[in-house]
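Containing compact mmCIF, C-alpha atoms (C1' of nucleotides): upload35.txt.
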# COMPACT_ATOMS: atom_id res chain seq x y z
CA MET A 421 -46.84 13.22 -129.57
CA ALA A 422 -43.14 13.08 -129.54
CA PRO A 423 -41.74 10.89 -126.79
CA LEU A 424 -40.42 13.13 -124.07
CA PRO A 425 -36.71 13.49 -124.07
CA VAL A 426 -34.97 12.96 -120.81
CA GLU A 427 -35.27 16.41 -119.32
CA ASN A 428 -34.22 15.34 -115.90
CA GLN A 429 -31.18 17.47 -115.42
CA PRO A 430 -30.34 19.13 -112.10
CA ALA A 431 -32.37 22.19 -112.99
CA HIS A 432 -29.41 24.42 -113.75
CA ARG A 433 -29.90 27.04 -111.13
CA SER A 434 -27.38 29.81 -111.45
CA GLY A 435 -27.62 31.11 -107.91
CA ALA A 436 -24.76 29.27 -106.33
CA LEU A 437 -22.44 29.77 -109.27
CA LEU A 438 -23.26 33.44 -109.33
CA ASP A 439 -22.48 33.61 -105.65
CA HIS A 440 -19.26 31.72 -106.06
CA LEU A 441 -17.92 33.83 -108.90
CA ALA A 442 -19.04 37.04 -107.28
CA ARG A 443 -17.08 36.13 -104.19
CA ARG A 444 -13.96 35.36 -106.14
CA ILE A 445 -14.12 38.59 -108.01
CA ARG A 446 -14.97 40.57 -104.91
CA LEU A 447 -12.02 39.25 -102.95
CA ARG A 448 -9.56 40.18 -105.62
CA ALA A 449 -11.29 43.42 -106.37
CA GLU A 450 -10.82 44.62 -102.83
CA SER A 451 -7.10 44.96 -103.16
CA VAL A 452 -7.32 46.54 -106.57
CA LEU A 453 -9.97 48.98 -105.43
CA ALA A 454 -8.34 49.96 -102.17
CA PRO A 455 -5.89 52.43 -103.75
CA LEU A 456 -8.88 54.13 -105.33
CA GLY A 457 -10.55 54.56 -101.98
CA LEU A 458 -13.38 52.27 -102.98
CA ARG A 459 -14.70 49.01 -101.71
CA PRO A 460 -16.75 46.48 -103.61
CA ARG A 461 -20.06 47.69 -102.33
CA HIS A 462 -19.25 51.20 -103.48
CA LEU A 463 -18.69 49.82 -106.94
CA VAL A 464 -22.03 48.12 -106.87
CA ALA A 465 -23.80 51.26 -105.78
CA LEU A 466 -22.06 53.39 -108.38
CA THR A 467 -22.81 50.84 -111.07
CA VAL A 468 -26.46 50.72 -110.16
CA LEU A 469 -26.61 54.48 -110.07
CA ARG A 470 -25.08 54.72 -113.49
CA GLY A 471 -27.60 52.24 -114.77
CA ARG A 472 -30.61 54.12 -113.50
CA GLY A 473 -30.39 57.84 -113.35
CA GLY A 474 -31.02 59.79 -110.18
CA CYS A 475 -33.43 58.22 -107.77
CA SER A 476 -34.53 58.60 -104.21
CA GLN A 477 -32.55 56.93 -101.51
CA GLN A 478 -35.45 54.71 -100.71
CA ALA A 479 -35.60 53.53 -104.27
CA LEU A 480 -31.89 52.93 -104.13
CA ALA A 481 -32.24 50.95 -100.95
CA THR A 482 -34.88 48.85 -102.63
CA MET A 483 -32.69 48.26 -105.64
CA LEU A 484 -29.62 47.42 -103.62
CA GLU A 485 -31.91 45.47 -101.38
CA MET A 486 -30.33 46.73 -98.25
CA ASP A 487 -31.55 48.53 -95.22
CA GLY A 488 -32.24 52.23 -95.62
CA THR A 489 -30.14 53.24 -92.68
CA ASN A 490 -27.12 51.51 -94.14
CA VAL A 491 -27.64 53.16 -97.47
CA VAL A 492 -27.25 56.48 -95.74
CA GLY A 493 -23.82 55.52 -94.56
CA LEU A 494 -22.84 54.18 -97.93
CA LEU A 495 -23.92 57.37 -99.64
CA ASN A 496 -22.16 59.46 -97.04
CA GLU A 497 -18.92 57.79 -97.97
CA LEU A 498 -19.50 58.30 -101.65
CA GLU A 499 -20.56 61.88 -101.16
CA ALA A 500 -17.51 62.58 -99.02
CA GLU A 501 -15.47 61.83 -102.10
CA ALA A 502 -17.80 63.82 -104.31
CA LEU A 503 -18.69 60.80 -106.39
CA ILE A 504 -22.39 61.28 -105.90
CA GLU A 505 -24.61 64.21 -105.22
CA ARG A 506 -27.72 64.51 -103.10
CA ARG A 507 -30.13 67.12 -104.33
CA ARG A 508 -33.45 67.79 -102.78
CA SER A 509 -36.24 66.85 -105.09
CA PRO A 510 -38.18 69.88 -106.28
CA GLU A 511 -41.44 67.94 -106.21
CA ASP A 512 -41.03 66.63 -102.72
CA ARG A 513 -38.37 68.36 -100.80
CA ARG A 514 -38.09 65.67 -98.22
CA ARG A 515 -36.66 63.45 -100.84
CA HIS A 516 -33.04 63.33 -101.91
CA VAL A 517 -32.36 62.67 -105.53
CA VAL A 518 -29.13 60.77 -105.72
CA GLU A 519 -27.03 61.01 -108.83
CA LEU A 520 -23.53 60.31 -110.02
CA THR A 521 -21.31 63.33 -110.39
CA ASP A 522 -18.91 63.63 -113.30
CA ALA A 523 -16.18 62.70 -110.89
CA GLY A 524 -18.23 59.66 -109.95
CA VAL A 525 -18.53 58.56 -113.54
CA ASP A 526 -14.81 59.00 -113.99
CA ARG A 527 -13.92 57.14 -110.85
CA LEU A 528 -16.23 54.32 -111.73
CA CYS A 529 -14.67 54.10 -115.14
CA THR A 530 -11.18 54.16 -113.68
CA ALA A 531 -12.13 51.43 -111.28
CA GLU A 532 -13.55 49.31 -114.04
CA CYS A 533 -10.37 49.63 -116.00
CA ALA A 534 -8.38 48.67 -112.95
CA LEU A 535 -10.44 45.54 -112.70
CA ALA A 536 -9.33 44.25 -116.05
CA ALA A 537 -6.72 41.99 -114.54
CA VAL A 538 -9.14 40.67 -111.98
CA GLU A 539 -11.72 39.68 -114.50
CA ASN A 540 -9.09 38.26 -116.75
CA GLU A 541 -8.15 35.95 -113.97
CA VAL A 542 -11.58 34.95 -112.77
CA LEU A 543 -13.28 34.83 -116.12
CA GLY A 544 -10.23 33.43 -117.79
CA ALA A 545 -12.16 30.53 -119.22
CA LEU A 546 -14.36 32.84 -121.26
CA ASP A 547 -13.33 34.53 -124.46
CA GLU A 548 -14.15 38.13 -125.33
CA THR A 549 -17.44 37.31 -126.98
CA GLN A 550 -18.59 35.19 -124.09
CA ARG A 551 -17.71 37.87 -121.59
CA GLU A 552 -19.67 40.39 -123.55
CA THR A 553 -22.62 38.01 -123.64
CA LEU A 554 -22.31 37.51 -119.91
CA TYR A 555 -22.22 41.23 -119.33
CA SER A 556 -25.30 41.91 -121.34
CA LEU A 557 -27.21 39.12 -119.66
CA LEU A 558 -26.26 40.42 -116.26
CA GLU A 559 -27.13 43.94 -117.20
CA GLN A 560 -30.47 42.93 -118.56
CA ALA A 561 -31.25 40.99 -115.43
CA ALA A 562 -30.08 43.78 -113.18
CA ALA A 563 -32.12 46.36 -115.02
CA ASN A 564 -35.24 44.86 -113.54
CA GLY A 565 -35.87 46.36 -110.17
CA GLY A 566 -36.17 43.77 -107.50
CA PRO A 567 -39.44 43.70 -105.57
CA PRO A 568 -42.51 45.40 -107.00
CA ASN A 569 -41.37 48.57 -108.69
CA CYS A 570 -38.16 50.43 -109.06
CA THR A 571 -38.36 51.60 -112.57
CA GLU A 572 -40.50 54.57 -111.74
CA ALA A 573 -40.49 54.38 -108.01
CA VAL A 574 -39.82 58.08 -108.01
CA ASN A 575 -42.76 59.63 -109.73
CA ASP A 576 -45.52 57.54 -108.28
CA ARG A 577 -46.56 60.26 -106.00
CA GLU A 578 -49.57 61.84 -107.61
CA ARG A 579 -52.53 59.57 -107.52
CA MET B 1333 -25.03 65.61 -123.43
CA ALA B 1334 -22.89 63.07 -125.18
CA PRO B 1335 -21.91 63.58 -128.77
CA LEU B 1336 -19.44 60.78 -128.28
CA PRO B 1337 -18.66 58.30 -130.99
CA VAL B 1338 -19.16 54.67 -130.37
CA GLU B 1339 -15.81 54.01 -128.81
CA ASN B 1340 -14.66 54.52 -125.27
CA GLN B 1341 -17.46 52.71 -123.56
CA PRO B 1342 -17.18 51.92 -119.88
CA ALA B 1343 -15.34 48.67 -120.49
CA HIS B 1344 -18.23 46.41 -119.52
CA ARG B 1345 -16.87 44.85 -116.39
CA SER B 1346 -19.20 42.28 -115.01
CA GLY B 1347 -17.88 42.29 -111.47
CA ALA B 1348 -20.28 44.71 -109.87
CA LEU B 1349 -23.31 43.34 -111.64
CA LEU B 1350 -22.33 39.85 -110.65
CA ASP B 1351 -22.02 41.01 -107.09
CA HIS B 1352 -25.31 42.81 -107.20
CA LEU B 1353 -27.30 39.93 -108.59
CA ALA B 1354 -25.59 37.43 -106.36
CA ARG B 1355 -26.63 39.45 -103.36
CA ARG B 1356 -30.20 39.67 -104.48
CA ILE B 1357 -30.43 35.98 -105.06
CA ARG B 1358 -28.63 35.18 -101.84
CA LEU B 1359 -30.97 37.24 -99.72
CA ARG B 1360 -34.05 35.55 -101.09
CA ALA B 1361 -32.39 32.17 -101.11
CA GLU B 1362 -31.77 32.34 -97.39
CA SER B 1363 -35.42 32.09 -96.50
CA VAL B 1364 -36.09 29.40 -99.06
CA LEU B 1365 -33.10 27.38 -97.94
CA ALA B 1366 -33.68 27.71 -94.23
CA PRO B 1367 -36.36 24.98 -94.06
CA LEU B 1368 -33.86 22.67 -95.72
CA GLY B 1369 -31.26 23.35 -93.08
CA LEU B 1370 -28.97 24.98 -95.55
CA ARG B 1371 -27.49 28.40 -95.95
CA PRO B 1372 -26.23 30.01 -99.13
CA ARG B 1373 -22.63 29.12 -98.55
CA HIS B 1374 -23.54 25.49 -98.08
CA LEU B 1375 -25.15 25.59 -101.47
CA VAL B 1376 -22.02 27.04 -102.95
CA ALA B 1377 -19.86 24.40 -101.39
CA LEU B 1378 -22.14 21.57 -102.48
CA THR B 1379 -22.33 22.98 -105.97
CA VAL B 1380 -18.59 23.24 -106.25
CA LEU B 1381 -18.22 19.74 -104.89
CA ARG B 1382 -20.65 18.40 -107.42
CA GLY B 1383 -18.72 20.15 -110.16
CA ARG B 1384 -15.37 18.65 -109.26
CA GLY B 1385 -15.34 15.27 -107.73
CA GLY B 1386 -13.75 14.54 -104.39
CA CYS B 1387 -10.83 16.71 -103.51
CA SER B 1388 -8.71 17.53 -100.52
CA GLN B 1389 -9.92 20.14 -98.10
CA GLN B 1390 -7.05 22.34 -99.03
CA ALA B 1391 -7.99 22.21 -102.64
CA LEU B 1392 -11.52 22.99 -101.67
CA ALA B 1393 -10.39 25.94 -99.60
CA THR B 1394 -8.48 27.19 -102.59
CA MET B 1395 -11.48 26.80 -104.84
CA LEU B 1396 -13.87 28.45 -102.46
CA GLU B 1397 -11.14 30.92 -101.80
CA MET B 1398 -11.67 30.92 -98.12
CA ASP B 1399 -9.53 30.22 -95.12
CA GLY B 1400 -8.79 26.58 -94.40
CA THR B 1401 -9.89 26.74 -90.81
CA ASN B 1402 -13.28 28.04 -91.85
CA VAL B 1403 -13.67 25.32 -94.42
CA VAL B 1404 -13.37 22.82 -91.60
CA GLY B 1405 -16.39 24.31 -89.90
CA LEU B 1406 -18.35 24.45 -93.09
CA LEU B 1407 -17.63 20.81 -93.82
CA ASN B 1408 -18.47 19.87 -90.26
CA GLU B 1409 -21.93 21.27 -90.75
CA LEU B 1410 -22.39 19.47 -94.02
CA GLU B 1411 -21.04 16.25 -92.65
CA ALA B 1412 -23.31 16.50 -89.62
CA GLU B 1413 -26.18 16.23 -92.04
CA ALA B 1414 -24.48 13.48 -93.98
CA LEU B 1415 -24.39 15.55 -97.15
CA ILE B 1416 -20.68 15.08 -97.59
CA GLU B 1417 -18.21 12.45 -96.60
CA ARG B 1418 -14.63 12.74 -95.50
CA ARG B 1419 -12.53 9.75 -96.38
CA ARG B 1420 -8.87 9.48 -95.70
CA SER B 1421 -6.89 9.40 -98.88
CA PRO B 1422 -5.20 6.04 -99.41
CA GLU B 1423 -2.17 7.69 -100.96
CA ASP B 1424 -1.62 10.18 -98.20
CA ARG B 1425 -3.53 9.39 -95.11
CA ARG B 1426 -3.17 12.87 -93.74
CA ARG B 1427 -5.46 14.06 -96.45
CA HIS B 1428 -9.22 14.00 -96.39
CA VAL B 1429 -10.97 13.37 -99.64
CA VAL B 1430 -14.23 15.26 -99.55
CA GLU B 1431 -17.11 14.03 -101.61
CA LEU B 1432 -20.83 14.46 -101.94
CA THR B 1433 -22.90 11.62 -100.57
CA ASP B 1434 -26.02 10.46 -102.35
CA ALA B 1435 -28.00 12.33 -99.75
CA GLY B 1436 -25.92 15.36 -100.57
CA VAL B 1437 -26.73 15.13 -104.24
CA ASP B 1438 -30.39 14.77 -103.43
CA ARG B 1439 -30.44 17.64 -101.03
CA LEU B 1440 -28.64 19.86 -103.48
CA CYS B 1441 -31.13 18.96 -106.14
CA THR B 1442 -34.04 19.59 -103.81
CA ALA B 1443 -32.60 22.94 -102.89
CA GLU B 1444 -32.15 23.86 -106.51
CA CYS B 1445 -35.74 23.07 -107.24
CA ALA B 1446 -36.81 25.13 -104.28
CA LEU B 1447 -34.93 28.04 -105.75
CA ALA B 1448 -37.02 28.14 -108.87
CA ALA B 1449 -39.23 30.92 -107.58
CA VAL B 1450 -36.23 32.91 -106.45
CA GLU B 1451 -34.54 32.82 -109.78
CA ASN B 1452 -37.78 33.51 -111.54
CA GLU B 1453 -37.99 36.69 -109.59
CA VAL B 1454 -34.42 37.85 -109.85
CA LEU B 1455 -33.74 36.69 -113.37
CA GLY B 1456 -37.22 37.58 -114.48
CA ALA B 1457 -35.94 39.68 -117.33
CA LEU B 1458 -34.28 36.69 -118.96
CA ASP B 1459 -36.10 34.05 -120.93
CA GLU B 1460 -35.36 30.35 -120.68
CA THR B 1461 -32.75 30.35 -123.37
CA GLN B 1462 -30.93 33.28 -121.88
CA ARG B 1463 -30.91 31.70 -118.46
CA GLU B 1464 -29.46 28.55 -119.89
CA THR B 1465 -26.80 30.60 -121.62
CA LEU B 1466 -26.06 32.38 -118.40
CA TYR B 1467 -25.79 29.11 -116.55
CA SER B 1468 -23.37 27.60 -118.98
CA LEU B 1469 -21.21 30.70 -119.01
CA LEU B 1470 -21.07 30.73 -115.23
CA GLU B 1471 -20.32 27.07 -115.09
CA GLN B 1472 -17.57 27.36 -117.62
CA ALA B 1473 -16.04 30.23 -115.73
CA ALA B 1474 -16.34 28.45 -112.41
CA ALA B 1475 -14.78 25.30 -113.74
CA ASN B 1476 -11.47 27.07 -113.84
CA GLY B 1477 -9.84 26.81 -110.48
CA GLY B 1478 -9.00 30.16 -109.02
CA PRO B 1479 -5.33 30.83 -108.35
CA PRO B 1480 -2.74 28.72 -110.09
CA ASN B 1481 -4.17 25.24 -110.23
CA CYS B 1482 -6.96 23.41 -108.59
CA THR B 1483 -7.60 20.56 -110.89
CA GLU B 1484 -4.65 18.70 -109.57
CA ALA B 1485 -3.69 20.95 -106.75
CA VAL B 1486 -2.95 17.88 -104.78
CA ASN B 1487 0.55 16.83 -105.60
CA ASP B 1488 2.48 19.87 -106.41
CA ARG B 1489 4.70 20.91 -103.69
CA GLU B 1490 8.06 19.61 -104.69
CA ARG B 1491 10.56 21.68 -106.51
C1' DT C 916 14.45 10.81 -86.06
C1' DA C 917 13.50 15.62 -87.35
C1' DG C 918 10.99 18.41 -89.89
C1' DA C 919 7.07 19.52 -93.12
C1' DT C 920 2.26 19.01 -94.13
C1' DG C 921 -3.09 18.21 -93.78
C1' DG C 922 -6.58 18.59 -90.73
C1' DT C 923 -8.74 20.17 -86.46
C1' DT C 924 -9.81 23.18 -82.55
C1' DC C 925 -9.99 27.50 -80.10
C1' DG C 926 -9.82 32.23 -79.57
C1' DT C 927 -9.68 36.93 -81.30
C1' DG C 928 -10.80 40.69 -84.36
C1' DT C 929 -13.23 43.07 -88.07
C1' DA C 930 -16.57 44.43 -91.48
C1' DA C 931 -21.23 44.05 -93.41
C1' DG C 932 -25.51 44.68 -92.46
C1' DG C 933 -30.14 44.03 -90.11
C1' DC C 934 -33.21 46.20 -86.80
C1' DA C 935 -35.04 49.61 -83.47
C1' DA C 936 -35.68 53.94 -81.75
C1' DA C 937 -35.47 59.22 -81.76
C1' DT C 938 -35.00 63.58 -84.54
C1' DC C 939 -35.96 66.95 -88.16
C1' DA C 940 -38.05 68.71 -92.38
C1' DT C 941 -41.72 68.38 -95.25
C1' DT C 942 -46.02 66.86 -97.22
C1' DT C 943 -50.82 65.53 -96.84
C1' DG C 944 -55.38 64.69 -95.05
C1' DT C 945 -59.21 66.54 -92.61
C1' DA D 591 -54.64 75.08 -89.15
C1' DC D 592 -53.16 71.14 -87.19
C1' DA D 593 -52.29 66.30 -86.74
C1' DA D 594 -50.50 62.39 -88.92
C1' DA D 595 -47.56 60.30 -92.30
C1' DT D 596 -43.18 60.22 -94.81
C1' DG D 597 -37.98 60.69 -96.30
C1' DA D 598 -33.65 61.17 -94.52
C1' DT D 599 -30.46 60.93 -90.87
C1' DT D 600 -28.19 59.39 -86.56
C1' DT D 601 -27.14 56.26 -82.82
C1' DG D 602 -26.80 51.94 -80.78
C1' DC D 603 -27.11 46.99 -80.43
C1' DC D 604 -26.51 42.39 -82.33
C1' DT D 605 -25.57 38.68 -85.63
C1' DT D 606 -22.97 36.46 -89.23
C1' DA D 607 -19.15 35.53 -92.19
C1' DC D 608 -14.58 35.41 -92.27
C1' DA D 609 -9.70 36.21 -91.76
C1' DC D 610 -5.82 35.21 -88.90
C1' DG D 611 -2.88 33.19 -85.29
C1' DA D 612 -1.57 29.46 -82.12
C1' DA D 613 -1.45 24.88 -80.48
C1' DC D 614 -2.02 19.90 -81.52
C1' DC D 615 -2.28 15.37 -83.68
C1' DA D 616 -1.44 12.13 -87.39
C1' DT D 617 1.20 11.25 -91.13
C1' DC D 618 4.54 11.69 -94.71
C1' DT D 619 9.37 12.65 -96.20
C1' DA D 620 14.17 13.49 -96.05
Target encoding C-alpha cells, full file:
Amino acid sequence: MAPLPVENQPAHRSGALLDHLARRIRLRAESVLAPLGLRPRHLVALTVLRGRGGCSQQALATMLEMDGTNVVGLLNELEAEALIERRRSPEDRRRHVVELTDAGVDRLCTAECALAAVENEVLGALDETQRETLYSLLEQAAANGGPPNCTEAVNDRER
Amino acid sequence: MAPLPVENQPAHRSGALLDHLARRIRLRAESVLAPLGLRPRHLVALTVLRGRGGCSQQALATMLEMDGTNVVGLLNELEAEALIERRRSPEDRRRHVVELTDAGVDRLCTAECALAAVENEVLGALDETQRETLYSLLEQAAANGGPPNCTEAVNDRER
DNA sequence: TAGATGGTTCGTGTAAGGCAAATCATTTGT
DNA sequence: ACAAATGATTTGCCTTACACGAACCATCTA
C-alpha cells in the first residue's frame, strides 16, 4: 500500500538512440573499413556468423532480417574474399551451411581493431567498464534470434 | 580447438551489434510508426531534439550527421505536422532555432509507447533493469555531440 | 558595399534492399 | 516412380535514404 511514485517518465525506449548511434558509428566505420575491402553490412554479417556457428542461408537471412536474395549477394562478396565458406549440408544437400573461415575470423578481428578509434570517438562519453557493459548487453540481446526460431533453425527437419 | 589463454579476445567492439540491433528495431518500428505518420528517422530527429533543446539547423545536421540540405526536408516534414517549430534566432536572424512543440513532445511520447511491443521482441533477452541500463548508456553516449562540438556549435567560427 | 554565412530549393547520382519471377538440385509425400 | 515442395541462385525492377553540387535569398560582418 505504498503510494505510487511518479513513474510517468517518457518510457525510455532505446530504439531511436540505438539507431542514432548506429548511424554515427556506421558512417565513420565506412572509411575505416574501406581499405579492408569491407563495408558495414559485411561486418554485421561476419559478427553474426561468429556469434552463431554455421547455419543455413535462410537462417542467416532470418537473423539478419533481410531478404534471402540479397543475402546471396552479400555472401558472394564475402566468399569472393574467402572470408566465409559455403558447404553443402550432409543432411540436406540443398542447404548451404555458411561458416566463417579462419581468414574470416582474422579479418573480422583486424576490422574490429581498426574500429578502435571510431568507437573511441562515438562512445567517448563512456568509460571502459561502461563500454564493456554495453557490449555484453548488446550481445545478449543479439543472441536471441529475431522472429520465431533461429537458435536451432537448422536441425528442425526431422519431425 | 582453442587452447588459448584468456587474453587476446576479439576486442569487443559494439559497432556491428549496434548496427544489427538498430536494423531489427527499425524494420519493426516502421510498421508501428506508419499509422502515426512517422518514420524511423523522424523518431531519431525528435529524440535528439528532445535531448538537446532548440538548436540551429546546422548544429542539428552535425548531430544527426547528415547533409544540411536533407535536414531541411526532414524538418519540413516534421513542421508540416506541427511537431517542431522553426523560429528565427533573435541574435542572428539568419539562423533558425529548431525546437519541439508540445504536440511534438506528445507525438514522440505516443510513438515511444507504441514501440513497447517492438522492443519487447527485439530486446526480449534483457530484463527491465538491463534495458534501463542500456538506455542510460545509450543516452549518455548520444549526449556527446559527434565531431568537435555540438553543445555550443553555434558561435564558433572566428579565429 | 562586398563578402561570408544560414537556410532553402532543385536536380542528379548512388547504394541498400525489398519483391517477383525463372532455374536447378534435392528432398519428400503418395 | 513421379509430382510437389524446398534451398539456393540469378535477373530485373522499383523505392528510399542520402550525399553532393548549384543557384538564391536574407542577413550578418568586415
Could you list, as a list in words, every residue within 10 Å of C:DT943, counting only C-alpha atoms (C1' of nucleotides) and ignoring same-chain residues fewer than 6 positions away? DA594, DA595 and DT596 of chain D
Give me the residues near B:Val1403 as a ChimeraX atom specification, where near means some atom within 12 Å (using all atoms listed in the file) and where sequence neighbours in that chain fewer than 4 positions away do not count. /B:1373-1374,1377,1388-1399,1407-1411,1430 /C:922-923 /D:607-609
How many Å separate atom CA of A:Arg448 from atom CA of A:Val468? 20.4 Å
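Atom CA of B:Cys1387 is found 12.5 Å from atom CA of B:Asp1424.
If you count only C-alpha atoms (C1' of nucleotides) and draw a sphere of 10 Å around (6.5, 17.2, -89.9), the protein and nucleic acid residues inside it come out as DA917, DG918, DA919 and DT920 of chain C; DA616, DT617, DC618 and DT619 of chain D.
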Which residues of chain B are close to chain C, meaning at most 8 Å apart when you count all atoms listed in the file, and how do they look as an MDAnalysis selection string? chainID B and resid 1390 1401 1404 1426:1428
Residues of chain A near chain B: apply a cut-off of 8 Å, count all atoms listed in the file, and supply the list as a count of residues only. 47
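Since chain A and chain B are the same sequence, their C-alpha atoms pair in order, and the RMSD after least-squares superposition is 3.3 Å.
You will find atom C1' of D:DA598 at 21.8 Å from atom CA of A:Arg470.
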My list of candidates is A:Leu469, A:Ala523, A:Val517, A:Leu503. Which is closest to chain D when distances are computed with only C-alpha atoms (C1' of nucleotides)? A:Val517
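Considering all atoms listed in the file, the residue among D:DA593, D:DT600, D:DA620, D:DC610 positioned nearest to chain B is D:DC610.
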Could you complete stretch 529-552 of chain A so that it carries N, CA and C atoms, and give it back as a CSV table (one decimal), keeping the file's coordinate frame?
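Writing done, so here's result37.csv:
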chain,number,residue,atom,x,y,z
A,529,CYS,N,-15.3,54.6,-113.9
A,529,CYS,CA,-14.7,54.1,-115.1
A,529,CYS,C,-13.2,53.7,-114.9
A,530,THR,N,-12.6,54.5,-114.1
A,530,THR,CA,-11.2,54.2,-113.7
A,530,THR,C,-11.1,52.8,-113.0
A,531,ALA,N,-12.1,52.7,-112.0
A,531,ALA,CA,-12.1,51.4,-111.3
A,531,ALA,C,-12.3,50.2,-112.2
A,532,GLU,N,-13.2,50.4,-113.1
A,532,GLU,CA,-13.6,49.3,-114.0
A,532,GLU,C,-12.3,48.9,-114.9
A,533,CYS,N,-11.6,49.9,-115.3
A,533,CYS,CA,-10.4,49.6,-116.0
A,533,CYS,C,-9.4,48.9,-115.1
A,534,ALA,N,-9.3,49.3,-113.9
A,534,ALA,CA,-8.4,48.7,-113.0
A,534,ALA,C,-8.7,47.2,-112.7
A,535,LEU,N,-10.0,46.9,-113.0
A,535,LEU,CA,-10.4,45.5,-112.7
A,535,LEU,C,-10.2,44.6,-113.9
A,536,ALA,N,-9.6,45.1,-114.9
A,536,ALA,CA,-9.3,44.2,-116.0
A,536,ALA,C,-8.6,43.0,-115.7
A,537,ALA,N,-7.5,43.1,-114.9
A,537,ALA,CA,-6.7,42.0,-114.5
A,537,ALA,C,-7.5,41.0,-113.7
A,538,VAL,N,-8.3,41.5,-112.8
A,538,VAL,CA,-9.1,40.7,-112.0
A,538,VAL,C,-10.1,39.8,-112.8
A,539,GLU,N,-10.8,40.5,-113.7
A,539,GLU,CA,-11.7,39.7,-114.5
A,539,GLU,C,-11.0,38.7,-115.4
A,540,ASN,N,-9.9,39.2,-115.9
A,540,ASN,CA,-9.1,38.3,-116.8
A,540,ASN,C,-8.8,37.0,-116.0
A,541,GLU,N,-8.5,37.1,-114.7
A,541,GLU,CA,-8.2,36.0,-114.0
A,541,GLU,C,-9.4,35.1,-113.7
A,542,VAL,N,-10.4,35.7,-113.2
A,542,VAL,CA,-11.6,35.0,-112.8
A,542,VAL,C,-12.4,34.4,-113.9
A,543,LEU,N,-12.5,35.3,-115.0
A,543,LEU,CA,-13.3,34.8,-116.1
A,543,LEU,C,-12.4,34.3,-117.2
A,544,GLY,N,-11.2,33.9,-116.8
A,544,GLY,CA,-10.2,33.4,-117.8
A,544,GLY,C,-10.7,32.4,-118.8
A,545,ALA,N,-11.7,31.6,-118.4
A,545,ALA,CA,-12.2,30.5,-119.2
A,545,ALA,C,-13.1,31.0,-120.3
A,546,LEU,N,-13.5,32.3,-120.2
A,546,LEU,CA,-14.4,32.8,-121.3
A,546,LEU,C,-13.6,33.7,-122.2
A,547,ASP,N,-14.0,33.6,-123.5
A,547,ASP,CA,-13.3,34.5,-124.5
A,547,ASP,C,-14.1,35.9,-124.5
A,548,GLU,N,-13.6,36.8,-125.3
A,548,GLU,CA,-14.2,38.1,-125.3
A,548,GLU,C,-15.7,38.1,-125.6
A,549,THR,N,-16.0,37.4,-126.6
A,549,THR,CA,-17.4,37.3,-127.0
A,549,THR,C,-18.3,36.8,-125.8
A,550,GLN,N,-17.8,35.8,-125.2
A,550,GLN,CA,-18.6,35.2,-124.1
A,550,GLN,C,-18.7,36.2,-122.9
A,551,ARG,N,-17.6,36.9,-122.7
A,551,ARG,CA,-17.7,37.9,-121.6
A,551,ARG,C,-18.7,39.0,-121.9
A,552,GLU,N,-18.7,39.3,-123.2
A,552,GLU,CA,-19.7,40.4,-123.6
A,552,GLU,C,-21.1,39.9,-123.4
